[in-house]
file model36.txt (compact mmCIF, C-alpha atoms)
# COMPACT_ATOMS: atom_id res chain seq x y z
CA MET R 1 -4.92 -31.94 -13.72
CA GLN R 2 -5.98 -29.11 -16.07
CA LEU R 3 -4.77 -25.60 -15.24
CA THR R 4 -6.12 -22.30 -16.54
CA LEU R 5 -4.33 -19.10 -15.57
CA HIS R 6 -6.33 -15.89 -15.57
CA ALA R 7 -3.75 -13.17 -15.86
CA TYR R 8 -2.48 -10.08 -17.63
CA TRP R 9 0.89 -9.95 -19.30
CA ARG R 10 2.16 -6.91 -17.40
CA SER R 11 0.76 -7.77 -13.96
CA SER R 12 3.65 -8.61 -11.67
CA ALA R 13 1.55 -11.00 -9.56
CA SER R 14 0.64 -12.86 -12.78
CA PHE R 15 4.31 -12.90 -13.76
CA ARG R 16 5.18 -14.58 -10.42
CA VAL R 17 2.79 -17.44 -11.07
CA ARG R 18 3.91 -17.84 -14.68
CA ILE R 19 7.48 -18.24 -13.47
CA ALA R 20 6.46 -20.84 -10.90
CA LEU R 21 4.42 -22.81 -13.45
CA ALA R 22 7.33 -22.71 -15.88
CA LEU R 23 9.84 -23.80 -13.23
CA LYS R 24 7.57 -26.76 -12.42
CA GLY R 25 7.26 -27.55 -16.12
CA LEU R 26 3.46 -27.31 -16.06
CA ASP R 27 1.33 -26.51 -19.10
CA TYR R 28 -1.73 -24.34 -18.72
CA ALA R 29 -4.44 -22.58 -20.67
CA ARG R 30 -4.50 -18.80 -20.54
CA VAL R 31 -7.24 -16.22 -20.19
CA SER R 32 -6.15 -12.61 -20.44
CA HIS R 33 -7.90 -9.80 -18.54
CA ASP R 34 -6.90 -6.34 -19.72
CA LEU R 35 -6.30 -4.32 -16.57
CA ARG R 36 -6.30 -1.08 -18.57
CA THR R 37 -9.98 -1.52 -19.38
CA GLY R 38 -10.92 -2.83 -15.92
CA ALA R 39 -11.68 -6.33 -17.23
CA GLN R 40 -10.64 -7.76 -13.85
CA ARG R 41 -13.77 -6.19 -12.37
CA ASP R 42 -16.19 -7.88 -14.80
CA PRO R 43 -18.78 -9.91 -12.87
CA ALA R 44 -17.60 -13.14 -14.53
CA TYR R 45 -14.09 -12.56 -13.22
CA LEU R 46 -15.26 -11.37 -9.80
CA ALA R 47 -16.96 -14.77 -9.47
CA LEU R 48 -13.46 -16.26 -9.65
CA ASN R 49 -11.70 -13.66 -7.52
CA PRO R 50 -14.00 -11.40 -5.50
CA LEU R 51 -11.17 -8.92 -4.91
CA GLY R 52 -10.93 -8.31 -8.67
CA LEU R 53 -7.18 -8.79 -8.93
CA VAL R 54 -5.22 -11.07 -11.23
CA PRO R 55 -4.07 -13.80 -11.23
CA ALA R 56 -6.47 -16.64 -10.54
CA LEU R 57 -5.59 -20.24 -11.26
CA VAL R 58 -8.43 -22.63 -12.08
CA VAL R 59 -7.60 -26.26 -11.34
CA GLU R 60 -9.77 -29.04 -12.77
CA GLN R 61 -9.09 -32.47 -11.39
CA ASN R 62 -11.21 -35.61 -10.91
CA GLY R 63 -14.35 -33.79 -12.03
CA ALA R 64 -13.90 -31.03 -9.45
CA ARG R 65 -12.99 -27.42 -10.11
CA HIS R 66 -11.03 -25.25 -7.70
CA VAL R 67 -10.25 -21.58 -8.08
CA LEU R 68 -7.04 -20.41 -6.45
CA THR R 69 -6.26 -16.75 -5.93
CA GLN R 70 -3.42 -14.68 -4.47
CA SER R 71 -0.11 -15.36 -6.19
CA VAL R 72 1.77 -16.26 -3.01
CA ALA R 73 -0.90 -18.80 -2.02
CA ILE R 74 -0.70 -20.26 -5.53
CA LEU R 75 3.09 -20.63 -5.24
CA GLU R 76 2.69 -22.48 -1.93
CA TRP R 77 0.00 -24.75 -3.39
CA LEU R 78 2.15 -25.55 -6.42
CA ASP R 79 5.06 -26.46 -4.19
CA GLU R 80 2.83 -28.82 -2.18
CA VAL R 81 1.20 -30.64 -5.10
CA VAL R 82 4.21 -30.66 -7.46
CA PRO R 83 7.17 -30.82 -5.04
CA ALA R 84 9.99 -30.95 -7.60
CA PRO R 85 11.77 -28.78 -8.38
CA ALA R 86 11.19 -27.12 -5.01
CA LEU R 87 10.30 -23.42 -4.85
CA TYR R 88 11.21 -23.22 -1.16
CA PRO R 89 14.29 -24.59 0.63
CA ALA R 90 13.92 -27.65 2.87
CA ASP R 91 15.34 -26.23 6.12
CA PRO R 92 12.65 -24.51 8.23
CA PHE R 93 14.78 -21.44 8.99
CA ALA R 94 15.79 -21.07 5.36
CA ARG R 95 12.12 -21.51 4.37
CA ALA R 96 11.24 -18.74 6.82
CA ASP R 97 13.87 -16.47 5.31
CA ALA R 98 12.56 -17.21 1.81
CA ARG R 99 8.99 -16.52 2.87
CA ALA R 100 10.07 -13.29 4.58
CA LEU R 101 11.62 -12.07 1.33
CA VAL R 102 8.53 -13.13 -0.60
CA ALA R 103 6.23 -11.36 1.86
CA MET R 104 8.40 -8.25 1.96
CA ILE R 105 7.89 -7.80 -1.78
CA ALA R 106 4.38 -9.22 -2.05
CA ALA R 107 2.97 -7.35 0.97
CA ASP R 108 5.13 -4.32 1.66
CA VAL R 109 6.16 -3.25 -1.84
CA GLN R 110 4.01 -4.41 -4.74
CA PRO R 111 0.57 -3.59 -3.28
CA LEU R 112 1.74 -0.01 -2.64
CA GLN R 113 2.73 0.51 -6.28
CA ASN R 114 -0.14 -1.44 -7.82
CA PRO R 115 -1.89 0.54 -10.60
CA ARG R 116 -5.17 0.63 -8.62
CA VAL R 117 -3.36 2.37 -5.74
CA LEU R 118 -1.53 4.86 -7.93
CA LYS R 119 -4.78 5.63 -9.73
CA ARG R 120 -6.54 6.35 -6.44
CA LEU R 121 -3.67 8.58 -5.37
CA ARG R 122 -4.20 10.62 -8.54
CA ASP R 123 -8.01 10.52 -8.71
CA GLU R 124 -8.85 11.07 -5.04
CA HIS R 125 -5.82 12.87 -3.68
CA GLY R 126 -4.85 15.07 -6.62
CA ALA R 127 -1.44 13.53 -7.18
CA THR R 128 0.14 14.19 -10.55
CA MET R 129 1.52 11.26 -12.55
CA LEU R 130 4.99 12.38 -11.45
CA ALA R 131 3.93 12.36 -7.80
CA SER R 132 2.31 8.93 -8.03
CA ASP R 133 5.44 7.59 -9.73
CA ASP R 134 7.51 9.07 -6.87
CA TRP R 135 5.23 7.34 -4.39
CA ALA R 136 5.86 4.02 -6.18
CA ARG R 137 9.60 4.56 -6.27
CA HIS R 138 9.65 5.40 -2.56
CA TRP R 139 8.13 2.08 -1.48
CA ILE R 140 10.11 0.09 -4.03
CA SER R 141 13.33 1.67 -2.74
CA LEU R 142 12.58 0.82 0.88
CA GLY R 143 11.73 -2.77 0.00
CA LEU R 144 14.68 -3.38 -2.29
CA ASP R 145 17.06 -1.79 0.25
CA ALA R 146 15.85 -4.37 2.79
CA ALA R 147 15.89 -7.21 0.25
CA GLU R 148 19.53 -6.38 -0.55
CA VAL R 149 20.41 -6.95 3.12
CA LEU R 150 18.42 -10.19 3.43
CA LEU R 151 19.82 -11.60 0.17
CA ALA R 152 23.23 -11.66 1.83
CA ARG R 153 22.09 -14.59 3.97
CA HIS R 154 21.47 -17.17 1.26
CA SER R 155 21.94 -15.90 -2.26
CA GLY R 156 24.10 -17.76 -4.74
CA ARG R 157 23.53 -17.62 -8.44
CA TYR R 158 19.85 -17.13 -7.52
CA ALA R 159 18.15 -15.53 -4.53
CA MET R 160 18.24 -18.60 -2.29
CA GLY R 161 21.19 -20.55 -3.61
CA ASP R 162 21.93 -22.23 -6.88
CA ALA R 163 18.42 -22.91 -8.16
CA PRO R 164 15.61 -20.44 -8.80
CA GLY R 165 12.65 -20.53 -6.43
CA ALA R 166 9.83 -18.55 -4.88
CA VAL R 167 12.03 -15.56 -4.01
CA ASP R 168 13.11 -15.26 -7.63
CA CYS R 169 9.42 -15.59 -8.62
CA VAL R 170 8.73 -12.32 -6.79
CA LEU R 171 12.02 -10.43 -7.18
CA VAL R 172 12.15 -10.65 -10.97
CA PRO R 173 8.67 -9.14 -11.45
CA GLN R 174 9.36 -6.48 -8.80
CA CYS R 175 12.54 -5.48 -10.61
CA TYR R 176 10.61 -5.38 -13.88
CA ASN R 177 8.30 -2.87 -12.19
CA ALA R 178 11.21 -0.92 -10.71
CA GLU R 179 12.68 -0.48 -14.15
CA ARG R 180 9.32 0.60 -15.55
CA PHE R 181 9.46 3.39 -12.96
CA GLY R 182 12.91 4.34 -14.23
CA MET R 183 14.91 2.89 -11.32
CA ASP R 184 18.43 1.56 -11.86
CA LEU R 185 19.05 -1.84 -10.25
CA ALA R 186 22.76 -0.97 -9.94
CA ARG R 187 21.82 0.57 -6.56
CA TRP R 188 21.41 -3.01 -5.26
CA PRO R 189 24.39 -5.02 -6.55
CA ARG R 190 23.43 -8.37 -5.03
CA LEU R 191 19.84 -8.03 -6.20
CA GLN R 192 21.03 -6.98 -9.63
CA ALA R 193 23.27 -10.05 -9.83
CA VAL R 194 20.62 -12.60 -8.85
CA VAL R 195 17.95 -10.99 -11.00
CA GLY R 196 20.40 -10.80 -13.88
CA ALA R 197 21.04 -14.53 -13.56
CA ALA R 198 17.33 -15.29 -13.24
CA ARG R 199 16.59 -13.35 -16.41
CA GLN R 200 18.76 -15.82 -18.30
CA HIS R 201 16.84 -18.86 -17.02
CA PRO R 202 14.60 -20.42 -19.72
CA ALA R 203 11.57 -20.63 -17.39
CA ILE R 204 11.84 -16.96 -16.54
CA ILE R 205 12.36 -15.94 -20.14
CA ALA R 206 9.25 -17.93 -21.10
CA ALA R 207 7.25 -16.29 -18.29
CA SER R 208 8.36 -12.73 -19.02
CA PRO R 209 5.72 -10.15 -19.89
CA GLU R 210 7.03 -9.38 -23.35
CA ASN R 211 6.84 -13.05 -24.30
CA GLN R 212 3.14 -13.47 -23.49
CA PRO R 213 0.48 -13.84 -26.21
CA ASP R 214 -1.48 -10.86 -24.82
CA ALA R 215 1.54 -8.52 -24.74
CA ASP R 216 1.24 -5.30 -26.70
CA ALA R 217 3.04 -5.51 -30.00
CA MET W 218 13.86 -23.15 22.05
CA GLN W 219 13.82 -19.58 23.40
CA LEU W 220 11.59 -17.08 21.66
CA THR W 221 11.70 -13.30 21.86
CA LEU W 222 9.02 -11.29 20.10
CA HIS W 223 9.86 -7.75 19.05
CA ALA W 224 6.50 -6.05 18.65
CA TYR W 225 4.21 -3.18 19.50
CA TRP W 226 0.90 -3.68 21.23
CA ARG W 227 -1.19 -1.94 18.60
CA SER W 228 0.59 -3.25 15.49
CA SER W 229 -1.75 -5.63 13.69
CA ALA W 230 1.12 -7.70 12.28
CA SER W 231 2.43 -8.12 15.84
CA PHE W 232 -1.07 -9.08 16.99
CA ARG W 233 -1.17 -11.86 14.33
CA VAL W 234 1.99 -13.44 15.67
CA ARG W 235 0.88 -13.11 19.30
CA ILE W 236 -2.31 -14.99 18.43
CA ALA W 237 -0.36 -17.76 16.68
CA LEU W 238 2.08 -18.10 19.59
CA ALA W 239 -0.83 -18.25 22.03
CA LEU W 240 -2.69 -20.84 19.93
CA LYS W 241 0.46 -22.98 19.92
CA GLY W 242 0.82 -22.51 23.68
CA LEU W 243 4.33 -21.07 23.36
CA ASP W 244 5.92 -18.76 25.91
CA TYR W 245 8.11 -15.92 24.76
CA ALA W 246 9.99 -12.88 25.97
CA ARG W 247 8.81 -9.50 24.74
CA VAL W 248 10.57 -6.40 23.51
CA SER W 249 8.36 -3.42 22.74
CA HIS W 250 9.18 -0.89 20.02
CA ASP W 251 7.05 2.23 20.18
CA LEU W 252 5.99 2.92 16.60
CA ARG W 253 4.82 6.41 17.57
CA THR W 254 8.40 7.47 18.30
CA GLY W 255 9.89 5.59 15.33
CA ALA W 256 11.67 3.07 17.57
CA GLN W 257 11.35 0.46 14.82
CA ARG W 258 13.86 2.47 12.79
CA ASP W 259 16.57 2.45 15.47
CA PRO W 260 19.77 0.92 14.09
CA ALA W 261 19.64 -1.88 16.68
CA TYR W 262 16.21 -2.91 15.44
CA LEU W 263 17.11 -2.45 11.77
CA ALA W 264 19.82 -5.05 12.37
CA LEU W 265 17.00 -7.48 13.15
CA ASN W 266 14.61 -6.33 10.43
CA PRO W 267 16.15 -4.17 7.73
CA LEU W 268 12.70 -3.03 6.58
CA GLY W 269 12.08 -1.46 10.00
CA LEU W 270 8.70 -3.05 10.59
CA VAL W 271 7.46 -5.05 13.55
CA PRO W 272 7.26 -7.88 14.40
CA ALA W 273 10.49 -9.83 14.46
CA LEU W 274 10.79 -13.16 16.24
CA VAL W 275 14.21 -14.13 17.58
CA VAL W 276 14.66 -17.87 17.98
CA GLU W 277 17.53 -19.23 20.07
CA GLN W 278 18.10 -22.94 19.78
CA ASN W 279 21.14 -25.21 20.14
CA GLY W 280 23.42 -22.23 20.52
CA ALA W 281 22.25 -20.66 17.26
CA ARG W 282 20.19 -17.52 16.88
CA HIS W 283 17.74 -16.92 14.04
CA VAL W 284 15.79 -13.76 13.35
CA LEU W 285 12.47 -14.25 11.63
CA THR W 286 10.55 -11.37 10.10
CA GLN W 287 7.26 -10.86 8.26
CA SER W 288 4.28 -12.06 10.26
CA VAL W 289 2.95 -14.42 7.59
CA ALA W 290 6.35 -16.11 7.24
CA ILE W 291 6.47 -16.46 11.04
CA LEU W 292 3.03 -18.13 11.05
CA GLU W 293 4.19 -20.62 8.42
CA TRP W 294 7.39 -21.35 10.35
CA LEU W 295 5.47 -21.88 13.58
CA ASP W 296 3.14 -24.31 11.86
CA GLU W 297 6.12 -26.28 10.53
CA VAL W 298 8.09 -26.53 13.76
CA VAL W 299 5.14 -26.85 16.17
CA PRO W 300 2.53 -28.67 14.07
CA ALA W 301 -0.23 -28.98 16.69
CA PRO W 302 -2.66 -27.36 16.90
CA ALA W 303 -2.48 -26.69 13.15
CA LEU W 304 -2.83 -23.12 11.87
CA TYR W 305 -3.58 -24.31 8.33
CA PRO W 306 -5.95 -27.08 7.17
CA ALA W 307 -4.49 -30.37 5.92
CA ASP W 308 -6.13 -30.51 2.48
CA PRO W 309 -4.04 -28.70 -0.18
CA PHE W 310 -7.02 -26.85 -1.71
CA ALA W 311 -8.27 -25.77 1.72
CA ARG W 312 -4.72 -24.68 2.60
CA ALA W 313 -4.67 -22.63 -0.61
CA ASP W 314 -7.97 -21.00 0.31
CA ALA W 315 -6.68 -20.22 3.80
CA ARG W 316 -3.46 -18.76 2.40
CA ALA W 317 -5.45 -16.70 -0.11
CA LEU W 318 -7.47 -15.15 2.71
CA VAL W 319 -4.31 -14.53 4.70
CA ALA W 320 -2.60 -12.91 1.71
CA MET W 321 -5.65 -10.86 0.82
CA ILE W 322 -5.51 -9.19 4.23
CA ALA W 323 -1.75 -9.23 4.73
CA ALA W 324 -0.87 -7.99 1.23
CA ASP W 325 -3.86 -6.16 -0.21
CA VAL W 326 -5.36 -4.50 2.86
CA GLN W 327 -3.11 -4.01 5.87
CA PRO W 328 -0.05 -2.58 4.05
CA LEU W 329 -2.28 0.08 2.46
CA GLN W 330 -3.57 1.30 5.84
CA ASN W 331 -0.32 0.93 7.75
CA PRO W 332 0.55 4.11 9.70
CA ARG W 333 3.71 4.66 7.62
CA VAL W 334 1.59 4.80 4.45
CA LEU W 335 -1.07 7.08 5.91
CA LYS W 336 1.68 9.35 7.24
CA ARG W 337 3.27 9.62 3.81
CA LEU W 338 -0.12 10.36 2.27
CA ARG W 339 -0.44 13.30 4.66
CA ASP W 340 3.17 14.49 4.68
CA GLU W 341 3.99 14.19 0.99
CA HIS W 342 0.59 14.43 -0.70
CA GLY W 343 -1.17 16.95 1.50
CA ALA W 344 -3.94 14.62 2.67
CA THR W 345 -5.80 15.69 5.77
CA MET W 346 -6.27 13.19 8.60
CA LEU W 347 -9.84 12.75 7.39
CA ALA W 348 -8.67 12.00 3.85
CA SER W 349 -6.03 9.52 5.01
CA ASP W 350 -8.63 7.79 7.18
CA ASP W 351 -10.93 7.60 4.11
CA TRP W 352 -8.06 6.05 2.15
CA ALA W 353 -7.67 3.40 4.86
CA ARG W 354 -11.39 2.68 4.98
CA HIS W 355 -11.53 2.33 1.19
CA TRP W 356 -8.94 -0.47 1.07
CA ILE W 357 -10.29 -2.17 4.18
CA SER W 358 -13.79 -2.17 2.65
CA LEU W 359 -12.61 -3.76 -0.60
CA GLY W 360 -10.68 -6.43 1.26
CA LEU W 361 -13.39 -7.27 3.76
CA ASP W 362 -16.03 -7.39 0.99
CA ALA W 363 -13.91 -10.05 -0.74
CA ALA W 364 -13.15 -11.85 2.52
CA GLU W 365 -16.88 -12.08 3.24
CA VAL W 366 -17.35 -13.96 -0.06
CA LEU W 367 -14.40 -16.29 0.50
CA LEU W 368 -15.42 -17.07 4.08
CA ALA W 369 -18.55 -18.74 2.68
CA ARG W 370 -16.39 -21.61 1.44
CA HIS W 371 -15.10 -22.93 4.76
CA SER W 372 -16.15 -20.91 7.76
CA GLY W 373 -17.72 -22.55 10.77
CA ARG W 374 -17.39 -21.17 14.26
CA TYR W 375 -14.02 -19.80 13.06
CA ALA W 376 -12.82 -18.69 9.64
CA MET W 377 -11.77 -22.13 8.40
CA GLY W 378 -14.02 -24.44 10.38
CA ASP W 379 -14.30 -25.24 14.05
CA ALA W 380 -10.84 -24.34 15.28
CA PRO W 381 -9.02 -21.02 15.03
CA GLY W 382 -6.08 -20.83 12.65
CA ALA W 383 -3.99 -18.56 10.44
CA VAL W 384 -6.99 -16.85 8.84
CA ASP W 385 -8.30 -15.87 12.27
CA CYS W 386 -4.76 -14.68 13.13
CA VAL W 387 -5.07 -12.06 10.37
CA LEU W 388 -8.82 -11.31 10.37
CA VAL W 389 -9.07 -10.44 14.05
CA PRO W 390 -6.30 -7.80 13.89
CA GLN W 391 -7.68 -6.42 10.62
CA CYS W 392 -11.11 -6.02 12.21
CA TYR W 393 -9.48 -4.35 15.20
CA ASN W 394 -8.04 -1.84 12.74
CA ALA W 395 -11.35 -1.46 10.90
CA GLU W 396 -13.06 -0.54 14.14
CA ARG W 397 -10.30 1.94 14.98
CA PHE W 398 -11.21 3.64 11.69
CA GLY W 399 -14.85 3.73 12.80
CA MET W 400 -16.11 0.92 10.56
CA ASP W 401 -19.03 -1.26 11.63
CA LEU W 402 -18.44 -5.00 11.14
CA ALA W 403 -22.19 -5.53 10.76
CA ARG W 404 -21.63 -4.82 7.03
CA TRP W 405 -20.02 -8.27 6.84
CA PRO W 406 -22.24 -10.68 8.79
CA ARG W 407 -20.17 -13.82 8.29
CA LEU W 408 -16.96 -11.99 9.12
CA GLN W 409 -18.60 -10.44 12.15
CA ALA W 410 -19.71 -13.87 13.35
CA VAL W 411 -16.32 -15.58 13.02
CA VAL W 412 -14.43 -12.63 14.48
CA GLY W 413 -16.96 -12.42 17.29
CA ALA W 414 -16.33 -16.07 18.11
CA ALA W 415 -12.58 -15.64 17.83
CA ARG W 416 -12.65 -12.74 20.27
CA GLN W 417 -13.99 -15.11 22.91
CA HIS W 418 -11.12 -17.58 22.47
CA PRO W 419 -8.63 -17.45 25.39
CA ALA W 420 -5.59 -17.35 23.08
CA ILE W 421 -6.98 -14.38 21.20
CA ILE W 422 -7.99 -12.58 24.37
CA ALA W 423 -4.47 -13.08 25.71
CA ALA W 424 -2.98 -11.76 22.45
CA SER W 425 -5.21 -8.70 22.16
CA PRO W 426 -3.61 -5.27 22.09
CA GLU W 427 -5.28 -3.99 25.24
CA ASN W 428 -3.93 -6.95 27.21
CA GLN W 429 -0.27 -6.35 26.38
CA PRO W 430 2.20 -5.02 28.93
CA ASP W 431 3.15 -2.11 26.66
CA ALA W 432 -0.46 -1.01 26.04
CA ASP W 433 -1.32 2.55 26.97
CA ALA W 434 -3.11 2.76 30.27
call {"tool": "encode", "arguments": {"input": "model36.txt", "output": "structure tokens"}}
result
Amino acid sequence: MQLTLHAYWRSSASFRVRIALALKGLDYARVSHDLRTGAQRDPAYLALNPLGLVPALVVEQNGARHVLTQSVAILEWLDEVVPAPALYPADPFARADARALVAMIAADVQPLQNPRVLKRLRDEHGATMLASDDWARHWISLGLDAAEVLLARHSGRYAMGDAPGAVDCVLVPQCYNAERFGMDLARWPRLQAVVGAARQHPAIIAASPENQPDADA
Amino acid sequence: MQLTLHAYWRSSASFRVRIALALKGLDYARVSHDLRTGAQRDPAYLALNPLGLVPALVVEQNGARHVLTQSVAILEWLDEVVPAPALYPADPFARADARALVAMIAADVQPLQNPRVLKRLRDEHGATMLASDDWARHWISLGLDAAEVLLARHSGRYAMGDAPGAVDCVLVPQCYNAERFGMDLARWPRLQAVVGAARQHPAIIAASPENQPDADA
């Protein structure tokens, strides 16, 4: 199985998939698409992902080629085809809690503070950079407030116990974004603790934006 | 297993879960939370879902009580505990494609046109109702354009072949929203065809907003 990840170092959805690939111990080729220049909307990339968002994971296996998109779908696929170490817990209710945390960040926080959304807020609705940053912080705050409550159910050293998994794959990149918007994680002590632990994990260090070949010097 | 669905008739995330429950043939009690009056932010409901969004599914089984949130996580849980009829295909790549379509709508479209987001656009950024409706249509258009391309891979009578599943659970409510914003599904012929078929399925008719007990007369 040959994997090629189409991504951008600073994209938090790309960061999620890099963490998952690193946790699974999988090697992959990399293609970088510079979101600042709109490279994700080049026709060649749109043929991979018609929504024009990173990441996309190209899987070549037995002479066939599959293109996977949407970071959360990629995490689920990885956990099905490479079961160990598991990204999701085994118990169905715990799996549901993990997926709820993943969806809360991946659906109700990150898309609202995505650069394309903030840009539209400025370009079409006259928001200043300060106002669009406030918009981002508003939705991040609501989501992390709720995550802090839900983390109480299962968190140990990591978000869902004593090994990192899918929830860590989304929380770490979301906290990276929160800090880029000047937010202090100390507001969410449990979140801060699990993300602090995750940031010391070798797979997460390897997957971090600043350690990618396409990162700005 | 006793199920109680906390929902609102017009909420598209609630509609997704109602479709899934109906496809699985599961009965459930209903609690309605009127989003127009902010009932989803009552402390009693926040104890169920700290993010203050519907739906939440309360599961009582063997003397234990579990609260599930996030519609996509609920769909996954339902498919694990009640496997037939399946909401997701069996093949891992087809499952990944289904999950990508689900995530595309559930993460990159619906959260951007959720009433709480449109309200903030008006209240905090001075958008008129017309401008906030344009914002909603913009993100719906991008998402449905991409969905139209992805549907070419698997669609038959329904989105992923000849039985309705998780993709239909999200596409039908998203198209309901698109039409509320005055959009014509004829722009997306394949989408229009599969959603048209889905709307004739008894489970989807039963789950439709206008057929709920809490629907406006």
call {"tool": "closest_residue", "arguments": {"input": "model36.txt", "among": "W:Val319, W:Ala432, W:Met400, W:Met346", "to": "W:Glu293", "atoms": "all atoms listed in the file"}}
result
W:Val319
call {"tool": "closest_atom_pairs", "arguments": {"input": "model36.txt", "of": "chain R", "to": "chain W", "cutoff": "7 Å", "atoms": "all atoms listed in the file", "output": "Markdown table"}}
result
| residue | atom | partner | partner_atom | distance |
| --- | --- | --- | --- | --- |
| R:Pro50 | CA | W:Ala363 | CA | 4.9 |
| R:Leu51 | CA | W:Ala363 | CA | 5.1 |
| R:Leu68 | CA | W:Ala313 | CA | 6.7 |
| R:Thr69 | CA | W:Ala317 | CA | 5.9 |
| R:Gln70 | CA | W:Ala317 | CA | 5.2 |
| R:Ala73 | CA | W:Arg316 | CA | 5.1 |
| R:Ile74 | CA | W:Ala313 | CA | 6.8 |
| R:Trp77 | CA | W:Ala313 | CA | 5.8 |
| R:Pro92 | CA | W:Trp294 | CA | 6.5 |
| R:Ala96 | CA | W:Ala290 | CA | 5.6 |
| R:Asp97 | CA | W:Leu285 | CA | 6.8 |
| R:Arg99 | CA | W:Ala290 | CA | 5.1 |
| R:Ala100 | CA | W:Gln287 | CA | 5.2 |
| R:Ala103 | CA | W:Gln287 | CA | 6.5 |
| R:Met104 | CA | W:Gln287 | CA | 6.9 |
| R:Ala106 | CA | W:Ala324 | CA | 6.3 |
| R:Ala107 | CA | W:Ala324 | CA | 3.9 |
| R:Asp108 | CA | W:Pro328 | CA | 6.0 |
| R:Pro111 | CA | W:Asp325 | CA | 6.0 |
| R:Leu112 | CA | W:Leu329 | CA | 6.5 |
| R:His125 | CA | W:Ala344 | CA | 6.8 |
| R:Ala127 | CA | W:His342 | CA | 6.8 |
| R:Leu142 | CA | W:Leu268 | CA | 6.9 |
| R:Gly143 | CA | W:Leu268 | CA | 6.7 |
| R:Ala146 | CA | W:Pro267 | CA | 5.0 |
| R:Val149 | CA | W:Pro267 | CA | 6.9 |
call {"tool": "write_last_selection", "arguments": {"input": "model36.txt", "atoms": "C-alpha atoms", "output": "PDB file, in the frame of the given file"}}
result
ATOM      1  CA  PRO R  50     -14.000 -11.400  -5.500  1.00  0.00           C
ATOM      2  CA  LEU R  51     -11.170  -8.920  -4.910  1.00  0.00           C
ATOM      3  CA  LEU R  68      -7.040 -20.410  -6.450  1.00  0.00           C
ATOM      4  CA  THR R  69      -6.260 -16.750  -5.930  1.00  0.00           C
ATOM      5  CA  GLN R  70      -3.420 -14.680  -4.470  1.00  0.00           C
ATOM      6  CA  ALA R  73      -0.900 -18.800  -2.020  1.00  0.00           C
ATOM      7  CA  ILE R  74      -0.700 -20.260  -5.530  1.00  0.00           C
ATOM      8  CA  TRP R  77       0.000 -24.750  -3.390  1.00  0.00           C
ATOM      9  CA  PRO R  92      12.650 -24.510   8.230  1.00  0.00           C
ATOM     10  CA  ALA R  96      11.240 -18.740   6.820  1.00  0.00           C
ATOM     11  CA  ASP R  97      13.870 -16.470   5.310  1.00  0.00           C
ATOM     12  CA  ARG R  99       8.990 -16.520   2.870  1.00  0.00           C
ATOM     13  CA  ALA R 100      10.070 -13.290   4.580  1.00  0.00           C
ATOM     14  CA  ALA R 103       6.230 -11.360   1.860  1.00  0.00           C
ATOM     15  CA  MET R 104       8.400  -8.250   1.960  1.00  0.00           C
ATOM     16  CA  ALA R 106       4.380  -9.220  -2.050  1.00  0.00           C
ATOM     17  CA  ALA R 107       2.970  -7.350   0.970  1.00  0.00           C
ATOM     18  CA  ASP R 108       5.130  -4.320   1.660  1.00  0.00           C
ATOM     19  CA  PRO R 111       0.570  -3.590  -3.280  1.00  0.00           C
ATOM     20  CA  LEU R 112       1.740  -0.010  -2.640  1.00  0.00           C
ATOM     21  CA  HIS R 125      -5.820  12.870  -3.680  1.00  0.00           C
ATOM     22  CA  ALA R 127      -1.440  13.530  -7.180  1.00  0.00           C
ATOM     23  CA  LEU R 142      12.580   0.820   0.880  1.00  0.00           C
ATOM     24  CA  GLY R 143      11.730  -2.770   0.000  1.00  0.00           C
ATOM     25  CA  ALA R 146      15.850  -4.370   2.790  1.00  0.00           C
ATOM     26  CA  VAL R 149      20.410  -6.950   3.120  1.00  0.00           C
TER      27      VAL R 149
END
call {"tool": "atom_distance", "arguments": {"input": "model36.txt", "atom1": "atom CA of W:Ala256", "atom2": "atom CA of W:Val234"}}
result
19.2 Å
call {"tool": "residues_around", "arguments": {"input": "model36.txt", "residues": "R:Pro209", "least_positions_apart": "3", "cutoff": "12 Å", "atoms": "all atoms listed in the file", "output": "ChimeraX atom specification"}}
result
/R:7-19,172-173,176-177,199,204-206,212-217
call {"tool": "atom_distance", "arguments": {"input": "model36.txt", "atom1": "atom CA of R:Arg30", "atom2": "atom CA of R:Leu48"}}
result
14.3 Å
call {"tool": "residues_around", "arguments": {"input": "model36.txt", "residues": "W:Val411", "least_positions_apart": "4", "cutoff": "10 Å", "atoms": "only C-alpha atoms", "output": "JSON list (two decimals) with C-alpha atoms, in the coordinates of the input"}}
result
[["chain", "number", "residue", "atom", "x", "y", "z"],
["W", 368, "LEU", "CA", -15.42, -17.07, 4.08],
["W", 372, "SER", "CA", -16.15, -20.91, 7.76],
["W", 373, "GLY", "CA", -17.72, -22.55, 10.77],
["W", 374, "ARG", "CA", -17.39, -21.17, 14.26],
["W", 375, "TYR", "CA", -14.02, -19.80, 13.06],
["W", 376, "ALA", "CA", -12.82, -18.69, 9.64],
["W", 377, "MET", "CA", -11.77, -22.13, 8.40],
["W", 378, "GLY", "CA", -14.02, -24.44, 10.38],
["W", 379, "ASP", "CA", -14.30, -25.24, 14.05],
["W", 381, "PRO", "CA", -9.02, -21.02, 15.03],
["W", 385, "ASP", "CA", -8.30, -15.87, 12.27],
["W", 388, "LEU", "CA", -8.82, -11.31, 10.37],
["W", 389, "VAL", "CA", -9.07, -10.44, 14.05],
["W", 406, "PRO", "CA", -22.24, -10.68, 8.79],
["W", 407, "ARG", "CA", -20.17, -13.82, 8.29],
["W", 415, "ALA", "CA", -12.58, -15.64, 17.83],
["W", 416, "ARG", "CA", -12.65, -12.74, 20.27]]
